[in-house]
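Notes for the one structure printed next.
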Amino acid sequence: MKYAIILAFPMVVFSSNAISTPAERVFTDAGYPYKNLIMKAEKVELVYSEEQDKTTCQVNVYSGDLLHQGEAKEVPANKFLRMPVQSCLSRENAKRILSLL
């Protein structure tokens, strides 16, 4: 019984670490309004999923307790690889979110 408790503890520690995934950093040289949005926001999150030759993505912008969400978009995978933020968040929405920050 004593050994079961000792073995259970490392299993819990390892399983909790396996659930969390590290955040990736995406840098952009897109200019206005994307760079300003990234610099002014507390956190910009790019959520995406890839399927064959298309990517479904959405941009979430955090400022304090507020969350501003862009619309979910489906874009070609090669466009997403070249310009991830610009392809997932339209220029008009980026300007609108920037004005709210």
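As shown in the structure tokens, the chain order sets the letters A, B, ...; within each chain, residues go from 1, and ligands are also counted from 1 in the order they appear.
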
(message) Applying 12 Å and only C-alpha atoms, which residues near region 42-53 of chain A remain after dropping the ones on its own chain fewer than 3 positions away? List them as a ChimeraX atom specification.
(response) /A:23-28,34-39,56-81,83-89,94,97-98,101
